[in-house]
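Listing of final-v5.pdb, PDB, C-alpha atoms
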ATOM      1  CA  MET N   1      26.976   0.293  18.079
ATOM      2  CA  ALA N   2      27.110  -1.716  21.335
ATOM      3  CA  LYS N   3      24.598  -4.298  22.472
ATOM      4  CA  GLN N   4      23.022  -3.848  25.910
ATOM      5  CA  ARG N   5      21.195  -6.662  27.654
ATOM      6  CA  LEU N   6      17.630  -6.017  28.753
ATOM      7  CA  GLY N   7      16.203  -6.916  32.128
ATOM      8  CA  LYS N   8      15.108 -10.500  32.645
ATOM      9  CA  GLY N   9      11.410  -9.657  32.534
ATOM     10  CA  LEU N  10      11.601  -7.830  29.202
ATOM     11  CA  GLY N  11      14.006 -10.401  27.879
ATOM     12  CA  ALA N  12      11.231 -12.972  28.053
ATOM     13  CA  LEU N  13       9.299 -10.897  25.513
ATOM     14  CA  ILE N  14      12.124  -9.421  23.445
ATOM     15  CA  PRO N  15      15.072 -11.654  22.498
ATOM     16  CA  VAL N  16      18.223  -9.955  23.809
ATOM     17  CA  ALA N  17      19.948 -10.385  20.449
ATOM     18  CA  ASP N  18      17.284  -8.362  18.649
ATOM     19  CA  VAL N  19      17.643  -4.917  20.234
ATOM     20  CA  GLU N  20      20.820  -2.868  19.896
ATOM     21  CA  PHE N  21      21.558   0.537  21.388
ATOM     22  CA  ASP N  22      23.941   3.123  20.011
ATOM     23  CA  ALA N  23      26.786   3.393  22.518
ATOM     24  CA  GLY N  24      26.862   7.185  22.340
ATOM     25  CA  SER N  25      23.206   8.249  22.120
ATOM     26  CA  GLY N  26      21.429   5.190  23.499
ATOM     27  CA  GLN N  27      19.258   5.127  20.345
ATOM     28  CA  PRO N  28      17.610   1.678  19.987
ATOM     29  CA  TYR N  29      17.903  -0.212  16.698
ATOM     30  CA  LEU N  30      15.756  -3.131  15.519
ATOM     31  CA  PRO N  31      16.179  -5.700  12.737
ATOM     32  CA  VAL N  32      14.059  -4.704   9.763
ATOM     33  CA  ASP N  33      12.594  -8.205   9.443
ATOM     34  CA  LEU N  34      11.027  -7.930  12.925
ATOM     35  CA  ILE N  35       8.944  -4.872  11.982
ATOM     36  CA  ASP N  36       5.511  -5.580  10.477
ATOM     37  CA  PRO N  37       3.628  -2.977   8.384
ATOM     38  CA  ASN N  38       0.941  -0.779   9.909
ATOM     39  CA  PRO N  39      -2.452  -2.092   8.679
ATOM     40  CA  LEU N  40      -3.968   1.298   9.533
ATOM     41  CA  GLN N  41      -1.394   3.333   7.607
ATOM     42  CA  PRO N  42      -3.278   6.456   6.472
ATOM     43  CA  ARG N  43      -0.910   7.104   3.581
ATOM     44  CA  LYS N  44      -1.804   5.164   0.432
ATOM     45  CA  GLU N  45       0.244   6.974  -2.232
ATOM     46  CA  PHE N  46       4.013   6.432  -2.369
ATOM     47  CA  GLY N  47       5.302   8.290  -5.433
ATOM     48  CA  ASP N  48       8.057   6.551  -7.391
ATOM     49  CA  GLU N  49      10.099   9.745  -7.703
ATOM     50  CA  GLU N  50       9.815  10.550  -3.992
ATOM     51  CA  MET N  51      10.762   6.991  -3.052
ATOM     52  CA  ALA N  52      13.756   7.068  -5.417
ATOM     53  CA  ASP N  53      14.991  10.295  -3.794
ATOM     54  CA  LEU N  54      14.571   8.833  -0.312
ATOM     55  CA  ILE N  55      16.347   5.590  -1.257
ATOM     56  CA  ASN N  56      19.281   7.591  -2.625
ATOM     57  CA  SER N  57      19.366   9.648   0.575
ATOM     58  CA  VAL N  58      19.310   6.536   2.789
ATOM     59  CA  LYS N  59      22.000   4.946   0.642
ATOM     60  CA  ALA N  60      24.234   7.993   1.088
ATOM     61  CA  LYS N  61      23.530   8.994   4.704
ATOM     62  CA  GLY N  62      21.543   6.190   6.318
ATOM     63  CA  ILE N  63      18.207   6.631   8.079
ATOM     64  CA  LEU N  64      18.524   9.846  10.077
ATOM     65  CA  GLN N  65      15.055   9.905  11.643
ATOM     66  CA  PRO N  66      13.910   6.796  13.548
ATOM     67  CA  VAL N  67      10.692   5.039  12.587
ATOM     68  CA  THR N  68       8.052   4.651  15.283
ATOM     69  CA  VAL N  69       6.947   1.143  16.355
ATOM     70  CA  ARG N  70       4.968  -0.595  19.057
ATOM     71  CA  GLU N  71       5.456  -4.059  20.531
ATOM     72  CA  SER N  72       3.060  -6.610  19.043
ATOM     73  CA  GLY N  73       4.143  -9.704  21.015
ATOM     74  CA  ASN N  74       6.386 -12.707  20.360
ATOM     75  CA  GLY N  75       9.392 -10.437  19.930
ATOM     76  CA  ARG N  76       7.862  -8.638  16.944
ATOM     77  CA  TYR N  77       6.970  -4.996  16.406
ATOM     78  CA  GLN N  78       4.331  -3.180  14.398
ATOM     79  CA  LEU N  79       5.090  -0.004  12.501
ATOM     80  CA  VAL N  80       3.223   3.091  13.708
ATOM     81  CA  ALA N  81       4.825   5.733  11.479
ATOM     82  CA  GLY N  82       7.681   5.844   8.997
ATOM     83  CA  GLU N  83       6.613   3.445   6.246
ATOM     84  CA  ARG N  84       8.569   5.242   3.515
ATOM     85  CA  ARG N  85      11.772   4.957   5.553
ATOM     86  CA  LEU N  86      11.065   1.281   6.258
ATOM     87  CA  ARG N  87      10.420   0.594   2.571
ATOM     88  CA  ALA N  88      13.644   2.369   1.627
ATOM     89  CA  ALA N  89      15.597   0.300   4.162
ATOM     90  CA  LYS N  90      14.116  -2.944   2.836
ATOM     91  CA  SER N  91      14.886  -2.016  -0.763
ATOM     92  CA  LEU N  92      18.545  -1.485   0.213
ATOM     93  CA  ASP N  93      18.700  -4.682   2.329
ATOM     94  CA  VAL N  94      19.494  -2.651   5.455
ATOM     95  CA  ASP N  95      19.639  -5.027   8.445
ATOM     96  CA  ARG N  96      18.736  -2.685  11.304
ATOM     97  CA  ILE N  97      17.121   0.727  11.567
ATOM     98  CA  PRO N  98      16.725   3.265  14.411
ATOM     99  CA  VAL N  99      13.346   3.162  16.171
ATOM    100  CA  PHE N 100      11.205   4.887  18.736
ATOM    101  CA  ILE N 101       9.287   2.245  20.709
ATOM    102  CA  LEU N 102       5.920   3.581  21.854
ATOM    103  CA  SER N 103       3.665   2.082  24.463
ATOM    104  CA  VAL N 104       0.479   2.061  22.369
ATOM    105  CA  ASP N 105      -2.208  -0.383  23.481
ATOM    106  CA  SER N 106      -5.080   0.255  21.097
ATOM    107  CA  ASP N 107      -5.484   0.445  17.338
ATOM    108  CA  VAL N 108      -7.126   3.853  17.635
ATOM    109  CA  GLU N 109      -4.057   5.250  19.424
ATOM    110  CA  MET N 110      -1.811   3.792  16.728
ATOM    111  CA  MET N 111      -4.005   5.311  14.024
ATOM    112  CA  GLU N 112      -3.847   8.694  15.759
ATOM    113  CA  TYR N 113      -0.056   8.582  16.077
ATOM    114  CA  ALA N 114       0.356   7.621  12.415
ATOM    115  CA  LEU N 115      -2.094  10.291  11.286
ATOM    116  CA  VAL N 116      -0.501  13.068  13.344
ATOM    117  CA  GLU N 117       3.017  12.106  12.237
ATOM    118  CA  ASN N 118       2.042  12.092   8.572
ATOM    119  CA  ILE N 119       0.148  15.395   8.826
ATOM    120  CA  GLN N 120       3.032  17.096  10.635
ATOM    121  CA  ARG N 121       5.424  15.874   7.935
ATOM    122  CA  GLN N 122       2.860  16.846   5.243
ATOM    123  CA  ASP N 123       3.099  13.314   3.846
ATOM    124  CA  LEU N 124      -0.650  12.844   3.332
ATOM    125  CA  ASN N 125      -2.570  14.184   0.374
ATOM    126  CA  PRO N 126      -5.997  15.718   1.180
ATOM    127  CA  VAL N 127      -7.949  12.609   0.125
ATOM    128  CA  GLU N 128      -5.813  10.290   2.272
ATOM    129  CA  ARG N 129      -6.368  12.654   5.184
ATOM    130  CA  ALA N 130     -10.144  12.596   4.583
ATOM    131  CA  GLU N 131     -10.153   8.783   4.375
ATOM    132  CA  ALA N 132      -8.179   8.568   7.636
ATOM    133  CA  PHE N 133     -10.643  10.913   9.360
ATOM    134  CA  ALA N 134     -13.564   8.839   8.066
ATOM    135  CA  LEU N 135     -11.948   5.673   9.441
ATOM    136  CA  LEU N 136     -11.519   7.280  12.855
ATOM    137  CA  LEU N 137     -15.175   8.337  12.768
ATOM    138  CA  SER N 138     -16.645   5.056  11.573
ATOM    139  CA  LYS N 139     -14.407   2.324  12.983
ATOM    140  CA  PHE N 140     -13.253   3.947  16.216
ATOM    141  CA  ASN N 141     -16.269   6.185  16.931
ATOM    142  CA  LEU N 142     -14.239   9.359  17.432
ATOM    143  CA  THR N 143     -16.040  12.656  17.040
ATOM    144  CA  GLN N 144     -14.949  15.377  14.643
ATOM    145  CA  GLN N 145     -13.916  17.492  17.643
ATOM    146  CA  LEU N 146     -11.716  14.729  19.075
ATOM    147  CA  ILE N 147     -10.026  14.264  15.699
ATOM    148  CA  ALA N 148      -9.496  18.014  15.431
ATOM    149  CA  ASP N 149      -7.895  18.091  18.885
ATOM    150  CA  GLN N 150      -5.560  15.214  18.031
ATOM    151  CA  VAL N 151      -4.300  16.563  14.704
ATOM    152  CA  GLY N 152      -4.211  20.245  15.630
ATOM    153  CA  MET N 153      -6.990  21.383  13.285
ATOM    154  CA  SER N 154     -10.277  23.151  13.884
ATOM    155  CA  ARG N 155     -13.478  21.098  13.831
ATOM    156  CA  PRO N 156     -14.773  22.953  10.728
ATOM    157  CA  ALA N 157     -11.475  22.148   8.966
ATOM    158  CA  VAL N 158     -11.966  18.449   9.764
ATOM    159  CA  ALA N 159     -15.572  18.643   8.514
ATOM    160  CA  ASN N 160     -14.460  20.332   5.274
ATOM    161  CA  THR N 161     -11.789  17.678   4.760
ATOM    162  CA  LEU N 162     -14.378  14.915   5.181
ATOM    163  CA  ARG N 163     -16.553  16.580   2.532
ATOM    164  CA  LEU N 164     -13.877  15.732  -0.042
ATOM    165  CA  LEU N 165     -15.120  12.139   0.051
ATOM    166  CA  ARG N 166     -18.309  13.346  -1.676
ATOM    167  CA  LEU N 167     -16.343  14.198  -4.817
ATOM    168  CA  PRO N 168     -16.592  11.817  -7.803
ATOM    169  CA  SER N 169     -13.744   9.298  -7.882
ATOM    170  CA  GLU N 170     -11.957  10.868 -10.864
ATOM    171  CA  ILE N 171     -11.896  14.263  -9.144
ATOM    172  CA  LYS N 172     -10.536  12.718  -5.937
ATOM    173  CA  GLU N 173      -7.804  11.037  -7.981
ATOM    174  CA  SER N 174      -7.044  14.374  -9.653
ATOM    175  CA  LEU N 175      -6.698  15.970  -6.213
ATOM    176  CA  LYS N 176      -4.371  13.150  -5.113
ATOM    177  CA  GLN N 177      -2.167  13.763  -8.146
ATOM    178  CA  ASP N 178      -2.024  17.559  -7.526
ATOM    179  CA  GLU N 179      -3.821  18.305 -10.816
ATOM    180  CA  ILE N 180      -6.238  20.421  -8.787
ATOM    181  CA  SER N 181      -5.866  22.062  -5.391
ATOM    182  CA  MET N 182      -7.919  21.925  -2.211
ATOM    183  CA  GLY N 183      -9.341  25.316  -3.200
ATOM    184  CA  HIS N 184     -10.593  23.870  -6.495
ATOM    185  CA  ALA N 185     -12.067  20.858  -4.684
ATOM    186  CA  ARG N 186     -13.893  22.977  -2.102
ATOM    187  CA  ALA N 187     -15.356  25.124  -4.870
ATOM    188  CA  LEU N 188     -16.568  22.088  -6.822
ATOM    189  CA  LEU N 189     -18.348  20.793  -3.722
ATOM    190  CA  GLY N 190     -20.570  23.863  -3.925
ATOM    191  CA  LEU N 191     -22.275  22.423  -7.007
ATOM    192  CA  PRO N 192     -25.520  20.503  -6.430
ATOM    193  CA  GLN N 193     -24.923  17.785  -9.047
ATOM    194  CA  ARG N 194     -22.033  15.405  -9.661
ATOM    195  CA  ALA N 195     -22.385  15.865 -13.422
ATOM    196  CA  LEU N 196     -21.793  19.600 -12.991
ATOM    197  CA  MET N 197     -18.758  18.900 -10.796
ATOM    198  CA  GLN N 198     -17.284  16.617 -13.458
ATOM    199  CA  ARG N 199     -17.976  19.090 -16.266
ATOM    200  CA  LEU N 200     -16.330  21.999 -14.435
ATOM    201  CA  TRP N 201     -13.427  19.803 -13.248
ATOM    202  CA  LYS N 202     -12.582  18.976 -16.873
ATOM    203  CA  LYS N 203     -12.454  22.698 -17.609
ATOM    204  CA  ILE N 204     -10.138  23.277 -14.643
ATOM    205  CA  VAL N 205      -7.726  20.602 -15.874
ATOM    206  CA  THR N 206      -7.836  21.428 -19.592
ATOM    207  CA  GLN N 207      -8.023  25.225 -19.337
ATOM    208  CA  GLY N 208      -5.992  25.740 -16.164
ATOM    209  CA  LEU N 209      -8.713  27.663 -14.308
ATOM    210  CA  SER N 210      -7.580  29.336 -11.089
ATOM    211  CA  VAL N 211      -9.419  28.811  -7.807
ATOM    212  CA  ARG N 212     -11.030  32.246  -8.135
ATOM    213  CA  GLN N 213     -12.182  31.484 -11.687
ATOM    214  CA  THR N 214     -13.563  28.155 -10.486
ATOM    215  CA  GLU N 215     -15.487  29.825  -7.658
ATOM    216  CA  ALA N 216     -16.972  32.311 -10.140
ATOM    217  CA  ALA N 217     -17.980  29.459 -12.465
ATOM    218  CA  VAL N 218     -19.625  27.634  -9.563
ATOM    219  CA  GLN N 219     -21.593  30.747  -8.665
ATOM    220  CA  ASP N 220     -22.737  31.187 -12.283
ATOM    221  CA  LEU N 221     -23.807  27.534 -12.576
ATOM    222  CA  THR N 222     -25.619  27.689  -9.242
ATOM    223  CA  GLU N 223     -27.554  30.794 -10.274
ATOM    224  CA  VAL N 224     -28.600  29.119 -13.534
ATOM    225  CA  MET N 225     -29.768  26.029 -11.624
ATOM    226  CA  GLU N 226     -31.700  28.154  -9.130
ATOM    227  CA  LYS N 227     -33.483  30.023 -11.929
ATOM    228  CA  LYS N 228     -34.472  26.740 -13.567
ATOM    229  CA  ALA N 229     -35.706  25.402 -10.246
ATOM    230  CA  ALA N 230     -37.624  28.543  -9.237
ATOM    231  CA  PRO N 231     -41.205  27.455  -8.484
ATOM    232  CA  THR N 232     -44.138  28.843 -10.465
ATOM    233  CA  ALA N 233     -47.567  29.501  -8.999
ATOM    234  CA  GLU N 234     -48.752  26.226 -10.512
ATOM    235  CA  THR N 235     -45.946  24.135  -9.046
ATOM    236  CA  LEU N 236     -46.454  25.736  -5.648
ATOM    237  CA  LYS N 237     -50.055  24.533  -5.679
ATOM    238  CA  LYS N 238     -48.876  20.981  -6.363
ATOM    239  CA  ALA N 239     -46.000  21.088  -3.890
ATOM    240  CA  PRO N 240     -46.090  18.448  -1.137
ATOM    241  CA  PRO N 241     -46.593  19.617   2.455
ATOM    242  CA  ALA N 242     -43.517  20.650   4.405
ATOM    243  CA  LYS N 243     -41.764  17.906   6.362
ATOM    244  CA  PRO N 244     -42.106  17.908  10.143
ATOM    245  CA  ALA N 245     -39.237  19.507  12.066
ATOM    246  CA  TYR N 246     -38.130  16.176  13.570
ATOM    247  CA  VAL N 247     -37.727  14.699  10.058
ATOM    248  CA  ASN N 248     -35.610  17.632   8.924
ATOM    249  CA  GLN N 249     -33.457  17.247  12.050
ATOM    250  CA  ALA N 250     -33.042  13.521  11.416
ATOM    251  CA  GLU N 251     -31.919  14.218   7.842
ATOM    252  CA  VAL N 252     -29.326  16.702   9.113
ATOM    253  CA  GLU N 253     -27.990  14.213  11.683
ATOM    254  CA  LEU N 254     -27.750  11.411   9.108
ATOM    255  CA  LEU N 255     -26.050  13.718   6.606
ATOM    256  CA  SER N 256     -23.490  14.717   9.244
ATOM    257  CA  ARG N 257     -22.848  11.088  10.180
ATOM    258  CA  LEU N 258     -22.784   9.555   6.698
ATOM    259  CA  ASN N 259     -21.390  12.501   4.709
ATOM    260  CA  THR N 260     -23.801  11.920   1.841
ATOM    261  CA  LYS N 261     -27.283  12.977   0.715
ATOM    262  CA  VAL N 262     -30.103  11.487   2.801
ATOM    263  CA  ARG N 263     -33.870  11.862   2.180
ATOM    264  CA  ILE N 264     -36.496  10.810   4.660
ATOM    265  CA  LYS N 265     -40.001  10.377   3.217
ATOM    266  CA  PRO N 266     -42.564  10.250   6.017
ATOM    267  CA  LYS N 267     -45.888   8.469   5.474
ATOM    268  CA  ARG N 268     -48.962   8.076   7.571
ATOM    269  CA  ASN N 269     -48.986   6.354  10.967
ATOM    270  CA  ASP N 270     -45.373   7.383  11.724
ATOM    271  CA  THR N 271     -43.949   5.166   8.961
ATOM    272  CA  GLY N 272     -41.777   6.135   6.021
ATOM    273  CA  THR N 273     -38.643   5.407   4.014
ATOM    274  CA  ILE N 274     -35.036   6.586   4.082
ATOM    275  CA  GLU N 275     -33.063   7.119   0.870
ATOM    276  CA  ILE N 276     -29.255   7.198   1.145
ATOM    277  CA  SER N 277     -27.354   8.317  -1.955
ATOM    278  CA  TYR N 278     -23.977   6.898  -2.987
ATOM    279  CA  TYR N 279     -21.825   7.926  -5.922
ATOM    280  CA  SER N 280     -19.372   5.099  -6.559
ATOM    281  CA  GLN N 281     -18.572   1.545  -5.493
ATOM    282  CA  ASP N 282     -16.059   2.934  -2.994
ATOM    283  CA  ASP N 283     -18.695   5.281  -1.611
ATOM    284  CA  LEU N 284     -21.133   2.370  -1.235
ATOM    285  CA  ASP N 285     -18.503   0.301   0.575
ATOM    286  CA  ARG N 286     -17.815   3.238   2.884
ATOM    287  CA  LEU N 287     -21.509   3.618   3.721
ATOM    288  CA  LEU N 288     -21.913  -0.120   4.296
ATOM    289  CA  GLY N 289     -18.973   0.002   6.683
ATOM    290  CA  LEU N 290     -20.580   2.838   8.619
ATOM    291  CA  ILE N 291     -24.047   1.256   8.792
ATOM    292  CA  LEU N 292     -23.084  -2.384   9.352
ATOM    293  CA  GLY N 293     -20.307  -1.450  11.731
ATOM    294  CA  GLU N 294     -22.738   0.440  13.917
ATOM    295  CA  SER N 295     -25.204  -2.452  13.781
ATOM    296  CA  GLU N 296     -22.569  -4.944  14.887
ATOM    297  CA  GLN N 297     -21.448  -2.731  17.730
ATOM    298  CA  GLY N 298     -24.994  -2.179  18.831
ATOM    299  CA  SER N 299     -25.659  -5.957  19.036
ATOM    300  CA  GLU N 300     -22.735  -6.644  21.397
TER     301      GLU N 300
END
Whole structure given in structure tokens:
Amino acid sequence: MAKQRLGKGLGALIPVADVEFDAGSGQPYLPVDLIDPNPLQPRKEFGDEEMADLINSVKAKGILQPVTVRESGNGRYQLVAGERRLRAAKSLDVDRIPVFILSVDSDVEMMEYALVENIQRQDLNPVERAEAFALLLSKFNLTQQLIADQVGMSRPAVANTLRLLRLPSEIKESLKQDEISMGHARALLGLPQRALMQRLWKKIVTQGLSVRQTEAAVQDLTEVMEKKAAPTAETLKKAPPAKPAYVNQAEVELLSRLNTKVRIKPKRNDTGTIEISYYSQDDLDRLLGLILGESEQGSE
């Protein structure tokens, strides 16, 4: 590998001793200790077995695919994509690794690059993908259509992925660990109650139900619930008046934005209350981030 000096202007930002280029390919290399982690890394799970295999591969053949970085100032770089490769290099005390240096100015662009790279490599589990989409929606104000365009998915596919965040935490963890599939998860989301989801999920795990069997069980449970909830003549007499159309529309818009159950209870004189349901501490934190984040942006 031969060192090449950079121009004087770039040299003021990047110490000339820090960047090396392969003499044959021109591939740039950077010292590992100049690359900082990506705080917006969408991937949260790094399996021990997968990491061990990658470390053995790097030990035998080196890092074959460059990691992607962006300049962060003061001669340092921030990782955009390739955290597993960077971790493997650090664990083996590798001094320098091959890099692609992107010109990425904003955090949202960096998040998009990292998300697309991980999805293309199939490195993200479905829950990590849903959490990344939710972050793009809430923190960076992207629409579902914009996310779909960036990651090469349809908008309904993005919406269905986001729905996974409505699953109870133990079911999401089960999906992360490949105990259940996306097909199982989508079927469970068809149930109206979290308790029913948890009960059927336990059956899936303990009895090895297929996706088709799960869908049939969901249909059976839904029919039972509908029969129990079928109104009698007496209950119809006591039923409250139908909500105005604008209230129903507002509920739909809030549900789409917050990805959770929302009830608006109108009162007289155009007043009322809004009930927002959450299903775990993580879900509450997510909703607070959405609501408070919007409030802060609106006050600027």
Might you pull out every residue within 12 Å of N:Ser91, with only C-alpha atoms counted and same-chain residues fewer than 6 positions away left off, and present them as a PyMOL selection string? chain N and resi 32+51-52+54-56+58-59+84-85
Residues matched by the PyMOL selection byres ((chain N and resi 212-220) around 7) as a PyMOL selection string: chain N and resi 184+187-188+190-191+209-211+221-224
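What separates atom CA of N:Gln144 from atom CA of N:Glu131 is a distance of 13.1 Å.
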Work out how far apart atom CA of N:Val247 and atom CA of N:Ser138 are and give it in Å to one decimal.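 Distance between the two atoms: 23.2 Å.
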List the residues selected by the PyMOL selection byres ((chain N and resi 153-165) around 9) in the file shown, writing them as an mmCIF file with C-alpha atoms, in the coordinates of the input.
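Output file result.cif is given in full below:
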data_model
loop_
_atom_site.group_PDB
_atom_site.id
_atom_site.type_symbol
_atom_site.label_atom_id
_atom_site.label_comp_id
_atom_site.auth_asym_id
_atom_site.auth_seq_id
_atom_site.Cartn_x
_atom_site.Cartn_y
_atom_site.Cartn_z
ATOM 1 C CA PRO N 126 -5.997 15.718 1.180
ATOM 2 C CA VAL N 127 -7.949 12.609 0.125
ATOM 3 C CA ARG N 129 -6.368 12.654 5.184
ATOM 4 C CA ALA N 130 -10.144 12.596 4.583
ATOM 5 C CA GLU N 131 -10.153 8.783 4.375
ATOM 6 C CA PHE N 133 -10.643 10.913 9.360
ATOM 7 C CA ALA N 134 -13.564 8.839 8.066
ATOM 8 C CA GLN N 144 -14.949 15.377 14.643
ATOM 9 C CA GLN N 145 -13.916 17.492 17.643
ATOM 10 C CA LEU N 146 -11.716 14.729 19.075
ATOM 11 C CA ILE N 147 -10.026 14.264 15.699
ATOM 12 C CA ALA N 148 -9.496 18.014 15.431
ATOM 13 C CA ASP N 149 -7.895 18.091 18.885
ATOM 14 C CA GLN N 150 -5.560 15.214 18.031
ATOM 15 C CA VAL N 151 -4.300 16.563 14.704
ATOM 16 C CA GLY N 152 -4.211 20.245 15.630
ATOM 17 C CA ARG N 166 -18.309 13.346 -1.676
ATOM 18 C CA LEU N 167 -16.343 14.198 -4.817
ATOM 19 C CA PRO N 168 -16.592 11.817 -7.803
ATOM 20 C CA SER N 169 -13.744 9.298 -7.882
ATOM 21 C CA LYS N 172 -10.536 12.718 -5.937
ATOM 22 C CA MET N 182 -7.919 21.925 -2.211
ATOM 23 C CA ALA N 185 -12.067 20.858 -4.684
ATOM 24 C CA ARG N 186 -13.893 22.977 -2.102
ATOM 25 C CA LEU N 189 -18.348 20.793 -3.722
ATOM 26 C CA SER N 256 -23.490 14.717 9.244
ATOM 27 C CA ASN N 259 -21.390 12.501 4.709
ATOM 28 C CA THR N 260 -23.801 11.920 1.841
ATOM 29 C CA ASP N 283 -18.695 5.281 -1.611
#
Which one of N:Tyr29, N:Leu92, N:Pro98, N:Asp36 sits closest to N:Val80 if you count only C-alpha atoms?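 With only C-alpha atoms as the atom set, the closest residue is N:Asp36.
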